[in-house]
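Q: Hey, dropping upload_37.cif in here, mmCIF, C-alpha atoms:
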```cif
data_input
loop_
_atom_site.label_atom_id
_atom_site.label_comp_id
_atom_site.auth_asym_id
_atom_site.auth_seq_id
_atom_site.Cartn_x
_atom_site.Cartn_y
_atom_site.Cartn_z
CA MET A 5 27.59 59.91 18.48
CA ALA A 6 24.64 59.34 16.15
CA THR A 7 24.58 56.14 14.13
CA ILE A 8 23.21 55.77 10.64
CA ASN A 9 20.61 53.07 10.30
CA ILE A 10 20.44 51.55 6.83
CA PRO A 11 17.04 50.01 6.03
CA LYS A 12 17.09 46.24 5.71
CA SER A 13 15.82 46.43 2.11
CA LYS A 14 18.75 48.65 1.13
CA LYS A 15 21.18 46.37 2.99
CA LYS A 16 19.80 43.39 1.10
CA ARG A 17 20.09 45.17 -2.27
CA LEU A 18 23.64 46.23 -1.43
CA SER A 19 24.52 42.68 -0.43
CA ASP A 20 22.97 41.30 -3.62
CA ASN A 21 24.92 43.80 -5.75
CA VAL A 22 28.18 42.84 -4.05
CA LYS A 23 27.47 39.13 -4.54
CA THR A 24 26.57 39.72 -8.20
CA SER A 25 29.74 41.72 -8.78
CA ILE A 26 31.87 38.99 -7.19
CA PHE A 27 30.10 36.32 -9.22
CA LEU A 28 30.59 38.22 -12.51
CA SER A 29 34.13 39.40 -11.79
CA PRO A 30 35.80 36.48 -13.71
CA THR A 31 33.76 37.46 -16.77
CA PHE A 32 34.81 41.10 -16.47
CA ILE A 33 38.45 40.08 -16.06
CA LEU A 34 38.32 37.84 -19.15
CA LEU A 35 36.65 40.59 -21.18
CA LEU A 36 39.35 43.01 -20.04
CA ILE A 37 42.17 40.66 -20.99
CA PHE A 38 40.88 39.19 -24.25
CA PHE A 39 38.62 41.95 -25.61
CA LEU A 40 39.24 45.42 -24.23
CA THR A 41 43.05 45.21 -23.98
CA PRO A 42 43.59 43.96 -27.59
CA MET A 43 41.18 46.62 -28.86
CA LEU A 44 43.03 49.40 -27.04
CA LEU A 45 46.38 48.05 -28.26
CA THR A 46 45.05 47.95 -31.82
CA ILE A 47 44.01 51.59 -31.60
CA PHE A 48 47.40 52.53 -30.13
CA PHE A 49 49.47 50.61 -32.72
CA SER A 50 47.47 52.14 -35.58
CA PHE A 51 49.14 55.46 -34.68
CA THR A 52 52.65 53.96 -34.73
CA ASN A 53 55.15 52.71 -37.31
CA LEU A 54 55.08 49.17 -35.90
CA ALA A 55 56.64 46.73 -38.35
CA LEU A 56 57.95 43.16 -38.44
CA THR A 57 61.22 43.87 -40.24
CA GLY A 58 63.63 46.72 -40.86
CA SER A 59 64.65 49.57 -38.60
CA GLN A 60 61.03 50.26 -37.68
CA ALA A 61 60.80 46.84 -36.01
CA SER A 62 63.27 47.92 -33.33
CA ASN A 63 62.37 51.63 -33.22
CA LEU A 64 58.69 51.96 -32.43
CA GLU A 65 57.57 55.55 -32.95
CA PHE A 66 54.30 57.42 -32.61
CA ILE A 67 53.55 58.85 -36.07
CA GLY A 68 50.07 60.28 -35.48
CA PHE A 69 47.64 60.03 -38.40
CA GLU A 70 50.27 59.11 -41.00
CA ASN A 71 48.93 55.56 -41.41
CA PHE A 72 45.40 56.85 -41.92
CA ILE A 73 46.52 59.53 -44.39
CA ASN A 74 48.40 56.94 -46.44
CA MET A 75 45.48 54.55 -46.19
CA PHE A 76 42.89 57.02 -47.49
CA GLN A 77 45.21 57.96 -50.34
CA ASP A 78 45.46 54.31 -51.38
CA THR A 79 42.86 53.41 -54.02
CA THR A 80 43.08 49.77 -52.92
CA LEU A 81 41.27 50.74 -49.72
CA TYR A 82 38.19 51.95 -51.60
CA ASN A 83 38.24 48.88 -53.81
CA SER A 84 38.41 46.71 -50.69
CA ILE A 85 35.53 48.54 -49.01
CA GLY A 86 33.41 48.08 -52.14
CA LYS A 87 34.26 44.38 -52.42
CA THR A 88 33.58 43.91 -48.71
CA LEU A 89 30.12 45.50 -48.95
CA ILE A 90 29.29 43.37 -52.01
CA PHE A 91 30.48 40.24 -50.23
CA VAL A 92 28.46 41.04 -47.10
CA LEU A 93 25.30 42.01 -49.01
CA PHE A 94 25.11 38.92 -51.21
CA SER A 95 26.69 36.46 -48.78
CA ALA A 96 25.10 37.41 -45.46
CA VAL A 97 21.95 39.44 -46.21
CA LEU A 98 20.64 37.91 -49.44
CA GLY A 99 22.39 34.58 -48.97
CA GLN A 100 22.67 33.10 -45.50
CA CYS A 101 19.76 34.93 -43.88
CA LEU A 102 17.26 34.50 -46.73
CA LEU A 103 18.24 30.93 -47.58
CA GLY A 104 18.28 29.97 -43.90
CA PHE A 105 14.72 31.27 -43.52
CA ILE A 106 13.53 29.45 -46.65
CA ILE A 107 15.03 26.12 -45.53
CA ALA A 108 13.62 26.50 -42.01
CA PHE A 109 10.19 27.45 -43.38
CA LEU A 110 10.08 24.53 -45.82
CA MET A 111 11.07 22.10 -43.05
CA ARG A 112 8.36 23.37 -40.71
CA GLY A 113 5.91 20.62 -39.89
CA LYS A 114 7.76 18.02 -41.94
CA HIS A 115 8.58 14.53 -40.71
CA PRO A 116 11.21 14.58 -37.94
CA ALA A 117 13.44 12.21 -39.91
CA LEU A 118 13.48 14.57 -42.90
CA ARG A 119 14.16 17.57 -40.66
CA ARG A 120 16.97 15.71 -38.96
CA PHE A 121 18.55 14.72 -42.28
CA VAL A 122 18.39 18.25 -43.70
CA GLY A 123 19.62 19.73 -40.43
CA ILE A 124 22.64 17.43 -40.24
CA SER A 125 23.47 18.06 -43.91
CA VAL A 126 23.41 21.84 -43.50
CA VAL A 127 25.13 21.93 -40.11
CA ALA A 128 27.93 19.67 -41.40
CA ALA A 129 29.09 22.51 -43.64
CA TRP A 130 28.90 24.99 -40.76
CA VAL A 131 31.15 22.98 -38.43
CA THR A 132 33.71 22.25 -41.14
CA PRO A 133 36.82 24.49 -40.84
CA GLU A 134 36.96 27.34 -43.36
CA VAL A 135 40.21 26.15 -44.90
CA VAL A 136 38.70 22.70 -45.58
CA VAL A 137 35.59 24.29 -47.09
CA ALA A 138 37.80 26.47 -49.28
CA PHE A 139 39.78 23.48 -50.58
CA CYS A 140 36.53 21.60 -51.31
CA TRP A 141 35.23 24.50 -53.39
CA VAL A 142 38.56 24.92 -55.18
CA VAL A 143 38.36 21.26 -56.19
CA PHE A 144 34.71 21.69 -57.20
CA LEU A 145 35.16 24.93 -59.19
CA GLY A 146 38.70 24.41 -60.51
CA ASP A 147 39.55 24.24 -64.23
CA ASN A 148 39.60 20.44 -64.03
CA GLY A 149 37.22 20.35 -61.09
CA THR A 150 34.06 18.39 -60.47
CA LEU A 151 31.68 20.99 -61.92
CA ASN A 152 33.60 21.30 -65.20
CA ASN A 153 33.78 17.51 -65.52
CA VAL A 154 30.02 17.24 -65.03
CA LEU A 155 29.35 20.00 -67.55
CA ALA A 156 31.70 18.36 -70.06
CA ALA A 157 29.88 15.04 -69.65
CA LEU A 158 26.43 16.56 -70.09
CA THR A 159 27.09 19.35 -72.59
CA SER A 160 29.66 20.58 -75.08
CA ILE A 161 30.56 23.63 -72.95
CA GLU A 162 34.27 24.34 -72.71
CA PRO A 163 35.78 24.24 -69.20
CA ILE A 164 35.15 27.48 -67.29
CA ALA A 165 37.74 28.96 -64.95
CA PHE A 166 35.19 29.93 -62.31
CA LEU A 167 37.76 31.11 -59.76
CA PHE A 168 39.33 33.38 -62.39
CA GLU A 169 36.30 34.57 -64.36
CA TYR A 170 33.77 34.69 -61.51
CA PRO A 171 35.87 34.94 -58.32
CA MET A 172 33.43 37.00 -56.22
CA VAL A 173 30.50 34.76 -57.17
CA SER A 174 32.59 31.73 -56.21
CA VAL A 175 33.54 32.97 -52.74
CA VAL A 176 30.01 34.24 -52.08
CA ILE A 177 28.49 30.86 -52.91
CA ALA A 178 31.09 29.06 -50.80
CA ASN A 179 30.42 31.30 -47.80
CA ILE A 180 26.65 30.92 -48.19
CA TRP A 181 27.04 27.14 -48.30
CA ARG A 182 29.13 27.19 -45.15
CA GLY A 183 27.22 29.74 -43.05
CA THR A 184 23.54 29.12 -43.83
CA ALA A 185 23.17 26.60 -40.99
CA PHE A 186 23.33 29.29 -38.30
CA SER A 187 20.45 31.23 -39.85
CA MET A 188 18.46 28.04 -40.45
CA LEU A 189 18.73 26.99 -36.80
CA ALA A 190 17.77 30.48 -35.58
CA PHE A 191 14.69 30.65 -37.81
CA GLN A 192 13.75 27.05 -37.08
CA THR A 193 13.58 27.81 -33.37
CA ALA A 194 11.63 31.03 -33.93
CA LEU A 195 9.15 29.37 -36.30
CA ASP A 196 8.49 26.58 -33.81
CA ASP A 197 7.60 29.22 -31.20
CA ILE A 198 4.85 30.80 -33.36
CA PRO A 199 1.45 29.69 -31.96
CA VAL A 200 -0.40 27.44 -34.39
CA GLU A 201 -3.66 29.15 -33.42
CA VAL A 202 -2.54 32.43 -35.00
CA GLU A 203 -2.09 30.90 -38.45
CA GLU A 204 -5.22 28.79 -38.11
CA ALA A 205 -7.23 31.94 -37.39
CA ALA A 206 -5.80 33.56 -40.52
CA ILE A 207 -6.75 30.49 -42.59
CA ILE A 208 -10.31 30.62 -41.24
CA ASP A 209 -10.46 34.29 -42.26
CA GLY A 210 -9.64 33.23 -45.81
CA ALA A 211 -6.01 34.32 -45.98
CA SER A 212 -3.87 32.65 -48.62
CA ARG A 213 -0.61 30.91 -47.79
CA TRP A 214 1.43 33.84 -49.12
CA LYS A 215 -0.60 36.38 -47.12
CA ILE A 216 -0.07 34.35 -43.95
CA VAL A 217 3.68 34.37 -44.53
CA LYS A 218 3.72 38.06 -45.44
CA ASN A 219 1.32 39.41 -42.80
CA VAL A 220 1.69 36.93 -39.94
CA THR A 221 4.88 34.86 -40.04
CA ILE A 222 7.44 37.45 -41.15
CA PRO A 223 6.20 40.25 -38.82
CA MET A 224 6.37 37.85 -35.87
CA LEU A 225 9.98 37.03 -36.83
CA LYS A 226 11.12 40.65 -37.13
CA GLY A 227 13.33 40.41 -34.05
CA THR A 228 14.87 37.13 -35.24
CA PHE A 229 15.53 38.55 -38.70
CA THR A 230 17.26 41.63 -37.31
CA THR A 231 19.32 39.79 -34.68
CA ASN A 232 20.34 37.10 -37.16
CA LEU A 233 21.27 39.70 -39.77
CA MET A 234 23.47 41.50 -37.25
CA LEU A 235 25.29 38.30 -36.25
CA VAL A 236 25.86 36.93 -39.76
CA THR A 237 26.90 40.37 -41.04
CA LEU A 238 29.54 40.79 -38.34
CA GLN A 239 30.76 37.24 -38.92
CA THR A 240 30.92 37.76 -42.69
CA LEU A 241 32.85 41.01 -42.28
CA GLY A 242 35.67 39.03 -40.70
CA VAL A 243 35.83 36.18 -43.23
CA PHE A 244 39.46 35.77 -44.26
CA THR A 245 40.58 32.14 -44.50
CA LEU A 246 37.88 31.12 -47.00
CA ILE A 247 38.64 33.95 -49.43
CA TYR A 248 42.41 33.89 -49.03
CA THR A 249 42.56 30.13 -49.61
CA MET A 250 40.28 30.22 -52.65
CA THR A 251 41.52 33.32 -54.47
CA GLY A 252 44.16 35.10 -52.36
CA GLY A 253 42.22 38.32 -52.89
CA GLY A 254 42.58 38.13 -56.66
CA PRO A 255 42.55 37.97 -59.52
CA GLY A 256 43.36 41.64 -59.91
CA GLY A 257 41.90 42.52 -56.54
CA ASP A 258 38.41 41.25 -57.48
CA THR A 259 38.04 39.57 -54.07
CA MET A 260 40.28 41.93 -52.09
CA VAL A 261 37.99 42.34 -49.08
CA LEU A 262 39.20 44.33 -46.08
CA PRO A 263 40.46 41.35 -44.00
CA VAL A 264 42.61 40.17 -46.93
CA PHE A 265 43.86 43.72 -47.55
CA MET A 266 44.71 44.07 -43.87
CA TYR A 267 46.59 40.74 -43.87
CA GLN A 268 48.64 41.65 -46.92
CA GLN A 269 49.70 44.99 -45.45
CA ALA A 270 50.41 43.62 -41.97
CA PHE A 271 52.00 40.22 -42.68
CA VAL A 272 53.10 40.32 -46.33
CA SER A 273 54.38 43.90 -46.42
CA TYR A 274 55.24 43.63 -42.68
CA GLN A 275 53.61 46.99 -41.85
CA LEU A 276 51.70 46.07 -38.69
CA GLY A 277 50.85 49.66 -37.84
CA TYR A 278 49.30 50.19 -41.25
CA GLY A 279 47.46 46.88 -40.97
CA THR A 280 45.96 47.76 -37.59
CA ALA A 281 44.74 51.05 -39.05
CA ILE A 282 42.89 49.06 -41.72
CA SER A 283 41.40 46.84 -39.01
CA LEU A 284 39.78 49.92 -37.47
CA ILE A 285 37.93 50.47 -40.76
CA ILE A 286 36.51 46.96 -40.43
CA LEU A 287 35.50 47.78 -36.86
CA LEU A 288 33.87 51.03 -38.02
CA ILE A 289 31.86 49.29 -40.75
CA GLY A 290 30.74 46.64 -38.27
CA GLY A 291 29.65 49.38 -35.86
CA ILE A 292 27.64 51.13 -38.58
CA PHE A 293 25.87 47.89 -39.51
CA SER A 294 25.13 47.24 -35.83
CA LEU A 295 23.64 50.71 -35.33
CA VAL A 296 21.43 50.29 -38.39
CA TYR A 297 20.18 46.89 -37.22
CA MET A 298 19.59 48.16 -33.67
CA LYS A 299 17.56 51.04 -35.09
CA PHE A 300 15.30 48.47 -36.76
CA LEU A 301 15.04 46.68 -33.43
CA LYS A 302 14.44 50.05 -31.72
CA VAL A 303 17.18 49.31 -29.18
CA LYS A 304 18.10 52.33 -27.09
CA ILE A 305 21.83 52.85 -26.60
#
```
Transcribe the structure of this file into structure tokens.
A:
Amino acid sequence: MATINIPKSKKKRLSDNVKTSIFLSPTFILLLIFFLTPMLLTIFFSFTNLALTGSQASNLEFIGFENFINMFQDTTLYNSIGKTLIFVLFSAVLGQCLLGFIIAFLMRGKHPALRRFVGISVVAAWVTPEVVVAFCWVVFLGDNGTLNNVLAALTSIEPIAFLFEYPMVSVVIANIWRGTAFSMLAFQTALDDIPVEVEEAAIIDGASRWKIVKNVTIPMLKGTFTTNLMLVTLQTLGVFTLIYTMTGGGPGGDTMVLPVFMYQQAFVSYQLGYGTAISLIILLIGGIFSLVYMKFLKVKI
């Protein structure tokens, strides 16, 4: 009986693949348990009448697209999508990413002590729990808060109810203050990796400081900009505690972003099936943002 001889190179590759699979198997198992399974359950429950109270709580039924039909007939959904996009645009794109780059750029080449002080100050906000940050900003922006007391001491301006008159501005600023550290650290690392010789050559050629930033620094950070934008956008899409603690989604739905809308439907109105359907909209928006950013990075999927 003829035997099949497998070349040693193929045997080695096969052995390496088996060893790699065994080594990575705990990771795959954890991803299956904590990522894939909840996602599949979310999709399944979005097509059911799952609820926390009432007869529906004990009689789970498959209702097809009823949750989605009701959701797209609800004008609150479109208001929430609009508020979410505004919050992400000004908080993540124009806020955290841009401000993080500016801080990192200004700290480039500065004394280590100054860089350390600024870094600790910014990172301190990042590591502070969202609920604590929210309470700090409520105290700062409240009717009798710190900002109004300072304004009253310096000017004759009447107290301003910032959380009532400018709720979206308030939560955007609070989220920028908390999340800028991540972008700053990412850009700081990327800027330190830019060869000094490149900028020195541009200076010798007579390029101004602005032209160096525009034509040398920013193009070399394109990958960092795109990756950072993707990460802070996805993180900002899921911000709930900060907004809910500061405004509760109000007043009048002015800060009713999708995570708050989902929470109210799932845990205030007790309609978990309807809430999970809303969560899929958040997932869809995150996927769209990711595809757009990956197109800029020219990532093939």
Q: Quick one, how far is CA of Ala61 (chain A) from CA of Phe49 (chain A)?
A: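 Straight-line distance from CA of Ala61 (chain A) to CA of Phe49 (chain A) works out to 12.4 Å.
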Q: Go through A:Pro30, A:Gly183, A:Gly86, A:Gly68 one by one, measure the shortest atom-to-atom distance of each to Ile47 (chain A) using all atoms listed in the file, and give the residue with the smallest value.
A: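 Once distances to Ile47 (chain A) are computed over all atoms listed in the file, the minimum belongs to A:Gly68.
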Q: Counting all atoms listed in the file, which residue out of A:Gln100, A:Thr240, A:Asn148, A:Thr230 sits closest to Trp181 (chain A)?
A: A:Gln100
Q: Which residues, named as in the file, does the PyMOL selection byres ((chain A and resi 84) around 7) pick out? Answer as a list in words.
A: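 Evaluating the PyMOL selection byres ((chain A and resi 84) around 7) on this file yields Thr80, Leu81, Tyr82, Asn83, Ile85, Gly86, Lys87, Thr88, Met260, Val261, Leu262 and Phe265 of chain A.
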Q: Please produce a file of the residues just selected, as an mmCIF file, keeping the file's coordinate frame, where the atoms kept are C-alpha atoms.
A:
```
data_model
loop_
_atom_site.group_PDB
_atom_site.id
_atom_site.type_symbol
_atom_site.label_atom_id
_atom_site.label_comp_id
_atom_site.auth_asym_id
_atom_site.auth_seq_id
_atom_site.Cartn_x
_atom_site.Cartn_y
_atom_site.Cartn_z
ATOM 1 C CA THR A 80 43.080 49.770 -52.920
ATOM 2 C CA LEU A 81 41.270 50.740 -49.720
ATOM 3 C CA TYR A 82 38.190 51.950 -51.600
ATOM 4 C CA ASN A 83 38.240 48.880 -53.810
ATOM 5 C CA ILE A 85 35.530 48.540 -49.010
ATOM 6 C CA GLY A 86 33.410 48.080 -52.140
ATOM 7 C CA LYS A 87 34.260 44.380 -52.420
ATOM 8 C CA THR A 88 33.580 43.910 -48.710
ATOM 9 C CA MET A 260 40.280 41.930 -52.090
ATOM 10 C CA VAL A 261 37.990 42.340 -49.080
ATOM 11 C CA LEU A 262 39.200 44.330 -46.080
ATOM 12 C CA PHE A 265 43.860 43.720 -47.550
#
```
Q: Could you check which residues have any atom within 8 Å of (46.2, 55.9, -40.2), counting all atoms listed in the file with coordinates taken straight from the file, and then list them as a short mmCIF file (atom, residue, chain, number, x, y, z; two decimals) with C-alpha atoms, in the coordinates of the input?
A:
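So result25.cif came out as:
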```cif
data_model
loop_
_atom_site.label_atom_id
_atom_site.label_comp_id
_atom_site.auth_asym_id
_atom_site.auth_seq_id
_atom_site.Cartn_x
_atom_site.Cartn_y
_atom_site.Cartn_z
CA SER A 50 47.47 52.14 -35.58
CA PHE A 51 49.14 55.46 -34.68
CA GLY A 68 50.07 60.28 -35.48
CA PHE A 69 47.64 60.03 -38.40
CA GLU A 70 50.27 59.11 -41.00
CA ASN A 71 48.93 55.56 -41.41
CA PHE A 72 45.40 56.85 -41.92
CA ILE A 73 46.52 59.53 -44.39
CA ASN A 74 48.40 56.94 -46.44
CA MET A 75 45.48 54.55 -46.19
CA TYR A 278 49.30 50.19 -41.25
CA ALA A 281 44.74 51.05 -39.05
CA ILE A 282 42.89 49.06 -41.72
#
```
Q: I want to know what sits within 12 Å of Val122 (chain A), based on all atoms listed in the file, with residues of the same chain fewer than 3 positions away left out; could you give that as a list in words?
A: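 In the requested format, the answer is Gly104, Ile107, Ala108, Leu110, Met111, Arg112, Lys114, His115, Pro116, Ala117, Leu118, Arg119, Ser125, Val126, Val127, Ala128, Ala129, Ala185, Met188, Leu189 and Gln192 of chain A.
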Q: Just the selected residues (C-alpha atoms), exported as a PDB file, in the coordinates of the input, please.
A:
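File written: selection39.pdb
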```pdb
ATOM      1  CA  GLY A 104      18.280  29.970 -43.900  1.00  0.00           C
ATOM      2  CA  ILE A 107      15.030  26.120 -45.530  1.00  0.00           C
ATOM      3  CA  ALA A 108      13.620  26.500 -42.010  1.00  0.00           C
ATOM      4  CA  LEU A 110      10.080  24.530 -45.820  1.00  0.00           C
ATOM      5  CA  MET A 111      11.070  22.100 -43.050  1.00  0.00           C
ATOM      6  CA  ARG A 112       8.360  23.370 -40.710  1.00  0.00           C
ATOM      7  CA  LYS A 114       7.760  18.020 -41.940  1.00  0.00           C
ATOM      8  CA  HIS A 115       8.580  14.530 -40.710  1.00  0.00           C
ATOM      9  CA  PRO A 116      11.210  14.580 -37.940  1.00  0.00           C
ATOM     10  CA  ALA A 117      13.440  12.210 -39.910  1.00  0.00           C
ATOM     11  CA  LEU A 118      13.480  14.570 -42.900  1.00  0.00           C
ATOM     12  CA  ARG A 119      14.160  17.570 -40.660  1.00  0.00           C
ATOM     13  CA  SER A 125      23.470  18.060 -43.910  1.00  0.00           C
ATOM     14  CA  VAL A 126      23.410  21.840 -43.500  1.00  0.00           C
ATOM     15  CA  VAL A 127      25.130  21.930 -40.110  1.00  0.00           C
ATOM     16  CA  ALA A 128      27.930  19.670 -41.400  1.00  0.00           C
ATOM     17  CA  ALA A 129      29.090  22.510 -43.640  1.00  0.00           C
ATOM     18  CA  ALA A 185      23.170  26.600 -40.990  1.00  0.00           C
ATOM     19  CA  MET A 188      18.460  28.040 -40.450  1.00  0.00           C
ATOM     20  CA  LEU A 189      18.730  26.990 -36.800  1.00  0.00           C
ATOM     21  CA  GLN A 192      13.750  27.050 -37.080  1.00  0.00           C
TER      22      GLN A 192
END
```
Q: Using the chain letters and residue numbers of this document, give as a list in words the residues selected by the PyMOL selection byres ((chain A and resi 196) around 12).
A: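 For this structure, the PyMOL selection byres ((chain A and resi 196) around 12) captures Ala108, Phe109, Met111, Arg112, Gly113, Lys114, Leu189, Ala190, Phe191, Gln192, Thr193, Ala194, Leu195, Asp197, Ile198, Pro199, Val200, Thr221, Met224 and Leu225 of chain A.
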Q: Create the file for the chosen residues now, containing C-alpha atoms and written as a PDB file, in the coordinates of the input.
A:
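Result went into out_32.pdb, see below:
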```
ATOM      1  CA  ALA A 108      13.620  26.500 -42.010  1.00  0.00           C
ATOM      2  CA  PHE A 109      10.190  27.450 -43.380  1.00  0.00           C
ATOM      3  CA  MET A 111      11.070  22.100 -43.050  1.00  0.00           C
ATOM      4  CA  ARG A 112       8.360  23.370 -40.710  1.00  0.00           C
ATOM      5  CA  GLY A 113       5.910  20.620 -39.890  1.00  0.00           C
ATOM      6  CA  LYS A 114       7.760  18.020 -41.940  1.00  0.00           C
ATOM      7  CA  LEU A 189      18.730  26.990 -36.800  1.00  0.00           C
ATOM      8  CA  ALA A 190      17.770  30.480 -35.580  1.00  0.00           C
ATOM      9  CA  PHE A 191      14.690  30.650 -37.810  1.00  0.00           C
ATOM     10  CA  GLN A 192      13.750  27.050 -37.080  1.00  0.00           C
ATOM     11  CA  THR A 193      13.580  27.810 -33.370  1.00  0.00           C
ATOM     12  CA  ALA A 194      11.630  31.030 -33.930  1.00  0.00           C
ATOM     13  CA  LEU A 195       9.150  29.370 -36.300  1.00  0.00           C
ATOM     14  CA  ASP A 197       7.600  29.220 -31.200  1.00  0.00           C
ATOM     15  CA  ILE A 198       4.850  30.800 -33.360  1.00  0.00           C
ATOM     16  CA  PRO A 199       1.450  29.690 -31.960  1.00  0.00           C
ATOM     17  CA  VAL A 200      -0.400  27.440 -34.390  1.00  0.00           C
ATOM     18  CA  THR A 221       4.880  34.860 -40.040  1.00  0.00           C
ATOM     19  CA  MET A 224       6.370  37.850 -35.870  1.00  0.00           C
ATOM     20  CA  LEU A 225       9.980  37.030 -36.830  1.00  0.00           C
TER      21      LEU A 225
END
```
